[in-house]
Amino acid sequence: METKLFKPASKTLPSPHNNQITILTSRKFLGDLSSSLNKIIISAEDYHYHSAFLNAVNSSIAIYQFIYDESNLIGVILPLGETLNDDSVEIQWPPTFCLGFLVFSAQGKEQLEPLVNWWQTKGREENTPNIFKLDYQDKTPLETQFWQLIASTLMTESKEIAQRLTTLHRQYLSLRTLHENVQNAFAAVEDFLSQAKLPNLQLKFENQPTKNYVIPTPGSDFVLKQLLPIGSRGLAAVDFHVNKNNINSRGMMVVAVDIPEDKTCLAKWQVPYQHLKAGWFSLDLPSIDIGFQREIELSIEFQTKVGPAPCLSLGMIQPVPEYQAYTKQESFPQSLAFRLWTGLPGSRRVISPYSASIVGDENELSESIKSGYLGQRALLSLQEVTPNLETDACSYVHIIEEGAKIQIHPRPIGLTVAMLPYCFPPSASHLTATVATEHANASIVEYAMAVIQEGMEPQACFENENNQSTLGFSGWVAVEANTPSQLQLSVEVSRKEHYHIAIATRLPPNTTMKFAWARWLNFHIT
């Protein structure tokens with residue numbers, strides 16, 4: 001019987017190249033051939049004699065017929081009962097999830113050979129599906145033979161998939177172990193560099209302020225952008241100059257450092273207007289980029305709610321337009337007055353912890369601090385007040401993320417002070433915290449905490465035994481080794497702004513700092 005390849009259509013067949021067979025299908029079936037449906041392919045010859053049986057099982061498994069035009073070296077794969085119209089498209093890759101080729105007769109097997117050969121040229125020979133033969137003259141019902149073959153094939157494929165999944169799982173565990181080892185190595189290197197007293201950050205570029213300044217439109221959004229004259233590699237901190245600020249203004253200044261090439265954000269800060277003062281304002285990047293040099297752009301957005309927005313100083317006139325400050329409305333011949341600092345990973349620079357409020361990408365930190373326990377995000381805002389000296393052998397202030405603890409190691413002489421900026425909300429009146437010296441051989445360590453307002457010197461608050469300037473003070477409490485204790489303080493004054501929580505440790509006379517692992521945890525605000 002002659003099988004027709006096409007319905008009448010004006011489209012011409014693609015001409016074969018180098019006697020290679022070309023496999024076609026209708027465009028609308030191309031996606032189905034690449035789907036995860038289980039498929040079986042049968043020759044048009046065998047379909048002609050067993051169409052009733054094949055149509056019956058087609059509801060459970062997708063069965064495709066293969067039609068071959070030997071004179072033109074053209075093969076067609078179509079679902080049962082379909083014909084190829086003028087929307088034909090060449091199949092570049094073998095169909096996925098094909099259970100095998102089904103044959104009933106020698107003629108059917110012979111007709112499938114061009115497809116099998118094409119399949120092997122497109123992939124590996126071991127990936128070619130098996131050829132299943134059903135004997136319709138056998139006494140066993142044809143349907144029983146068919147489902148036995150399918151069940152056997154699916155079971156074999158399931159075992160192979162399970163073996164591949166086991167191999168992938170082992171590879172995943174190996175890669176995860178390697179990843180953890182690399183991360184641990186990086187942490188060890190950064191810790192070593194931090195303790196190795198790396199050189200201070202280097203001033204890479206400076207543009208001093210002039211008498212002119214940028215005045216944003218009060219009460220509306222305003223975005224100022226500036227392409228920086230240095231690359232991203234090694235950038236550690238950005239300073240810009242605030243000309244003046246109205247203390248009664250309310251709003252948010254959103255500062256971002258982006259890479260225009262791929263829109264990567266290196267850092268982003270949200271600074272409330274009330275925390276800005278006239279003069280240089282510094283923002284440290286959370287991590288230093290050690291990749292290849294890329295252009296970076298500084299953008300400053302003013303989200304004003306009450307009063308005028310702060311005024312930023314402009315620097316010298318820039319003859320290169322790319323390095324001039326601009327907004328959507330206008331451009332300026334000058335660039336912003338700013339300073340750019342570079343350094344190595346592990347470099348540390350201590351800035352005034354109560355002159356800036358640097359938070360995440362979503363809401364202002366002060367707005368997220370409410371009654372209850374301080375979360376991980378608040379603890380990560382910890383600022384060191386008493387910086388390390390060149391003679392110090394270790395870092396006295398750091399966060400232990402496992403367990404959400406803060407370690408403030410006491411010094412041999414003097415205080416060790418740190419601060420959680422803007423973490424005491426206006427509605428709160430009571431603060432408690434748990435302290436513990438977690439080593440059995442440690443000496444007695446004294447702990448104290450205070451609530452202070454913006455502008456106060458935290459270290460001076462603890463050095464003054466009367467502490468009249470603080471809003472609340474817990475007093476110095478002596479804690480023995482492995483004896484958790486609770487510090488408490490109350491704040492009775494009325495206030496409208498968030499205040500800072502300052503914490504400190506010191507050693508009593510005739511004690512040693514050895515094993516003095518002073519830890520703070522469970523800050524609770526009510």
# chains A, B, ... in the order shown; residues from 1 in each chain; ligands from 1
$ select_by_dssp --residues "region 240-458 of chain A" --states "strand (DSSP E)" --output "PyMOL selection string"
chain A and resi 240-244+250-259+264-272+279-284+297-306+311-317+334-336+338-342+372-373+383-384+397-400+405-408+416-424+430-437+445-452
$ residues_around --residues "Lys263 (chain A)" --least-positions-apart "3" --cutoff "12 Å" --atoms "only C-alpha atoms" --output "ChimeraX atom specification"
/A:256-260,266-267,294-297
$ write_last_selection --atoms "C-alpha atoms" --output "PDB file, in the first residue's frame"
ATOM      1  CA  ALA A 256      23.349  53.058  45.970  1.00  0.00           C
ATOM      2  CA  VAL A 257      26.552  52.044  44.223  1.00  0.00           C
ATOM      3  CA  ASP A 258      25.696  50.223  40.984  1.00  0.00           C
ATOM      4  CA  ILE A 259      27.521  48.783  37.978  1.00  0.00           C
ATOM      5  CA  PRO A 260      25.726  50.227  34.892  1.00  0.00           C
ATOM      6  CA  LEU A 266      27.440  46.618  45.032  1.00  0.00           C
ATOM      7  CA  ALA A 267      25.865  48.304  48.067  1.00  0.00           C
ATOM      8  CA  ARG A 294      34.086  47.820  36.028  1.00  0.00           C
ATOM      9  CA  GLU A 295      32.564  51.268  35.867  1.00  0.00           C
ATOM     10  CA  ILE A 296      30.472  52.215  38.877  1.00  0.00           C
ATOM     11  CA  GLU A 297      27.774  54.826  39.358  1.00  0.00           C
TER      12      GLU A 297
END
$ closest_residue --among "A:Pro333, A:Gly372, A:Pro421, A:Pro114" --to "Gly455 (chain A)" --atoms "only C-alpha atoms"
A:Pro421
$ residues_around --residues "Val477 (chain A)" --least-positions-apart "3" --cutoff "7 Å" --atoms "only C-alpha atoms" --output "NGL selection string"
:A and (446-448)
$ write_last_selection --atoms "N, CA, C and O atoms" --output "mmCIF file, in the first residue's frame"
data_model
loop_
_atom_site.group_PDB
_atom_site.id
_atom_site.type_symbol
_atom_site.label_atom_id
_atom_site.label_comp_id
_atom_site.auth_asym_id
_atom_site.auth_seq_id
_atom_site.Cartn_x
_atom_site.Cartn_y
_atom_site.Cartn_z
ATOM 1 N N GLU A 446 33.182 42.479 84.324
ATOM 2 C CA GLU A 446 32.104 43.419 84.636
ATOM 3 C C GLU A 446 31.414 43.857 83.340
ATOM 4 O O GLU A 446 32.080 44.163 82.346
ATOM 5 N N TYR A 447 30.076 43.890 83.375
ATOM 6 C CA TYR A 447 29.250 44.251 82.234
ATOM 7 C C TYR A 447 28.393 45.465 82.586
ATOM 8 O O TYR A 447 27.989 45.642 83.745
ATOM 9 N N ALA A 448 28.072 46.258 81.544
ATOM 10 C CA ALA A 448 27.144 47.380 81.718
ATOM 11 C C ALA A 448 26.527 47.722 80.377
ATOM 12 O O ALA A 448 27.124 47.473 79.317
#
$ residues_around --residues "region 339-341 of chain A" --least-positions-apart "2" --cutoff "8 Å" --atoms "only C-alpha atoms" --output "PyMOL selection string"
chain A and resi 201-207+235-240+337+343
$ residues_around --residues "Tyr68 (chain A)" --least-positions-apart "6" --cutoff "10 Å" --atoms "only C-alpha atoms" --output "number ranges by chain"
A: 3-5, 21-23, 43-45, 74-77, 111-112, 114-115
$ write_last_selection --atoms "all heavy atoms" --output "short mmCIF file (atom, residue, chain, number, x, y, z; two decimals), in the first residue's frame"
data_model
loop_
_atom_site.label_atom_id
_atom_site.label_comp_id
_atom_site.auth_asym_id
_atom_site.auth_seq_id
_atom_site.Cartn_x
_atom_site.Cartn_y
_atom_site.Cartn_z
N THR A 3 1.72 4.99 0.99
CA THR A 3 1.35 5.95 2.03
C THR A 3 1.64 7.35 1.54
O THR A 3 2.76 7.64 1.14
CB THR A 3 2.13 5.67 3.32
OG1 THR A 3 1.90 4.33 3.71
CG2 THR A 3 1.70 6.62 4.42
N LYS A 4 0.64 8.24 1.63
CA LYS A 4 0.84 9.62 1.20
C LYS A 4 1.57 10.40 2.29
O LYS A 4 1.25 10.29 3.46
CB LYS A 4 -0.50 10.27 0.88
CG LYS A 4 -1.17 9.70 -0.34
CD LYS A 4 -2.42 10.49 -0.67
CE LYS A 4 -3.07 9.95 -1.95
NZ LYS A 4 -4.30 10.68 -2.29
N LEU A 5 2.52 11.18 1.85
CA LEU A 5 3.32 11.94 2.79
C LEU A 5 2.66 13.26 3.15
O LEU A 5 2.74 13.70 4.29
CB LEU A 5 4.70 12.19 2.21
CG LEU A 5 5.74 12.82 3.13
CD1 LEU A 5 6.01 11.92 4.31
CD2 LEU A 5 7.02 13.09 2.37
N ILE A 21 19.44 11.61 5.51
CA ILE A 21 18.00 11.67 5.64
C ILE A 21 17.59 12.92 6.42
O ILE A 21 18.28 13.37 7.32
CB ILE A 21 17.47 10.39 6.34
CG1 ILE A 21 15.93 10.42 6.39
CG2 ILE A 21 18.07 10.26 7.72
CD1 ILE A 21 15.34 9.16 6.96
N THR A 22 16.47 13.51 6.03
CA THR A 22 15.92 14.68 6.71
C THR A 22 14.61 14.27 7.37
O THR A 22 13.74 13.69 6.73
CB THR A 22 15.66 15.83 5.72
OG1 THR A 22 16.90 16.19 5.09
CG2 THR A 22 15.09 17.04 6.44
N ILE A 23 14.48 14.58 8.68
CA ILE A 23 13.28 14.21 9.44
C ILE A 23 12.45 15.47 9.65
O ILE A 23 12.95 16.48 10.16
CB ILE A 23 13.65 13.58 10.79
CG1 ILE A 23 14.61 12.39 10.58
CG2 ILE A 23 12.40 13.11 11.53
CD1 ILE A 23 14.00 11.25 9.81
N SER A 43 6.26 2.26 12.43
CA SER A 43 6.31 2.57 11.00
C SER A 43 4.90 2.68 10.44
O SER A 43 3.93 2.13 10.99
CB SER A 43 7.08 1.49 10.25
OG SER A 43 6.35 0.28 10.25
N ALA A 44 4.76 3.44 9.38
CA ALA A 44 3.45 3.58 8.74
C ALA A 44 2.95 2.25 8.21
O ALA A 44 1.73 2.01 8.16
CB ALA A 44 3.55 4.61 7.61
N GLU A 45 3.87 1.36 7.82
CA GLU A 45 3.49 0.04 7.31
C GLU A 45 2.76 -0.75 8.38
O GLU A 45 1.69 -1.32 8.15
CB GLU A 45 4.74 -0.70 6.84
CG GLU A 45 4.47 -2.10 6.27
CD GLU A 45 3.83 -2.05 4.90
OE1 GLU A 45 3.91 -1.00 4.23
OE2 GLU A 45 3.23 -3.07 4.50
N ILE A 74 13.35 11.62 2.73
CA ILE A 74 12.58 12.43 3.66
C ILE A 74 11.81 11.50 4.59
O ILE A 74 11.15 10.56 4.13
CB ILE A 74 11.59 13.35 2.92
CG1 ILE A 74 12.33 14.35 2.04
CG2 ILE A 74 10.70 14.09 3.93
CD1 ILE A 74 13.12 15.36 2.80
N GLY A 75 11.92 11.73 5.90
CA GLY A 75 11.14 10.99 6.89
C GLY A 75 10.26 11.96 7.65
O GLY A 75 10.61 13.12 7.86
N VAL A 76 9.10 11.49 8.06
CA VAL A 76 8.15 12.34 8.79
C VAL A 76 7.71 11.60 10.05
O VAL A 76 7.36 10.42 9.99
CB VAL A 76 6.92 12.68 7.92
CG1 VAL A 76 5.91 13.49 8.72
CG2 VAL A 76 7.34 13.44 6.68
N ILE A 77 7.73 12.29 11.19
CA ILE A 77 7.22 11.75 12.45
C ILE A 77 6.00 12.56 12.84
O ILE A 77 6.08 13.78 13.04
CB ILE A 77 8.29 11.84 13.56
CG1 ILE A 77 9.52 11.02 13.18
CG2 ILE A 77 7.73 11.35 14.88
CD1 ILE A 77 10.64 11.11 14.21
N GLN A 111 11.43 -0.42 7.39
CA GLN A 111 11.04 0.98 7.16
C GLN A 111 11.56 1.90 8.27
O GLN A 111 11.77 3.09 8.06
CB GLN A 111 9.51 1.07 7.07
CG GLN A 111 9.03 2.39 6.48
CD GLN A 111 7.52 2.41 6.30
OE1 GLN A 111 6.78 1.95 7.16
NE2 GLN A 111 7.07 2.91 5.15
N LEU A 112 11.80 1.36 9.48
CA LEU A 112 12.30 2.17 10.59
C LEU A 112 13.81 2.34 10.57
O LEU A 112 14.35 3.17 11.30
CB LEU A 112 11.89 1.55 11.93
CG LEU A 112 10.41 1.71 12.35
CD1 LEU A 112 10.14 0.92 13.62
CD2 LEU A 112 10.07 3.18 12.55
N PRO A 114 16.05 3.72 8.48
CA PRO A 114 16.59 5.08 8.25
C PRO A 114 16.45 5.98 9.47
O PRO A 114 17.34 6.79 9.74
CB PRO A 114 15.75 5.59 7.07
CG PRO A 114 15.26 4.37 6.38
CD PRO A 114 15.03 3.35 7.45
N LEU A 115 15.34 5.83 10.22
CA LEU A 115 15.15 6.64 11.42
C LEU A 115 16.14 6.24 12.50
O LEU A 115 16.71 7.10 13.19
CB LEU A 115 13.71 6.48 11.93
CG LEU A 115 13.37 7.23 13.23
CD1 LEU A 115 13.58 8.74 13.05
CD2 LEU A 115 11.94 6.93 13.67
#
$ residues_around --residues "Asn130 (chain A)" --least-positions-apart "2" --cutoff "9 Å" --atoms "only C-alpha atoms" --output "list in words"
Leu99, Gly100, Phe101, Leu102, Thr128 and Phe132 of chain A
$ write_last_selection --atoms "N, CA, C and O atoms" --output "short mmCIF file (atom, residue, chain, number, x, y, z; two decimals), in the first residue's frame"
data_model
loop_
_atom_site.label_atom_id
_atom_site.label_comp_id
_atom_site.auth_asym_id
_atom_site.auth_seq_id
_atom_site.Cartn_x
_atom_site.Cartn_y
_atom_site.Cartn_z
N LEU A 99 10.28 5.57 24.48
CA LEU A 99 10.46 4.25 25.07
C LEU A 99 11.08 3.26 24.09
O LEU A 99 11.78 2.33 24.50
N GLY A 100 10.81 3.43 22.79
CA GLY A 100 11.39 2.51 21.81
C GLY A 100 10.63 2.53 20.50
O GLY A 100 9.65 3.25 20.32
N PHE A 101 11.15 1.72 19.56
CA PHE A 101 10.50 1.54 18.25
C PHE A 101 9.73 0.22 18.29
O PHE A 101 10.27 -0.82 18.66
N LEU A 102 8.47 0.28 17.89
CA LEU A 102 7.60 -0.89 17.93
C LEU A 102 7.40 -1.43 16.52
O LEU A 102 7.04 -0.66 15.61
N THR A 128 20.17 5.31 21.65
CA THR A 128 19.13 4.95 20.70
C THR A 128 18.14 4.00 21.35
O THR A 128 18.53 3.01 21.96
N PHE A 132 11.23 -3.01 19.80
CA PHE A 132 10.37 -4.03 20.39
C PHE A 132 9.53 -4.67 19.29
O PHE A 132 8.89 -3.98 18.49
#
$ closest_residue --among "A:Ile290, A:Ile525, A:Cys461, A:Leu298" --to "Val254 (chain A)" --atoms "only C-alpha atoms"
A:Leu298
$ residues_around --residues "Thr210 (chain A)" --least-positions-apart "6" --cutoff "8 Å" --atoms "only C-alpha atoms" --output "number ranges by chain"
A: 313-316, 337
$ closest_residue --among "A:Trp520, A:Phe515, A:Phe192, A:Phe424" --to "Arg495 (chain A)" --atoms "only C-alpha atoms"
A:Phe424
$ atom_distance --atom1 "CA of Arg27 (chain A)" --atom2 "CA of Gln65 (chain A)"
15.9 Å
$ atom_distance --atom1 "CA of Tyr499 (chain A)" --atom2 "CA of His275 (chain A)"
11.4 Å
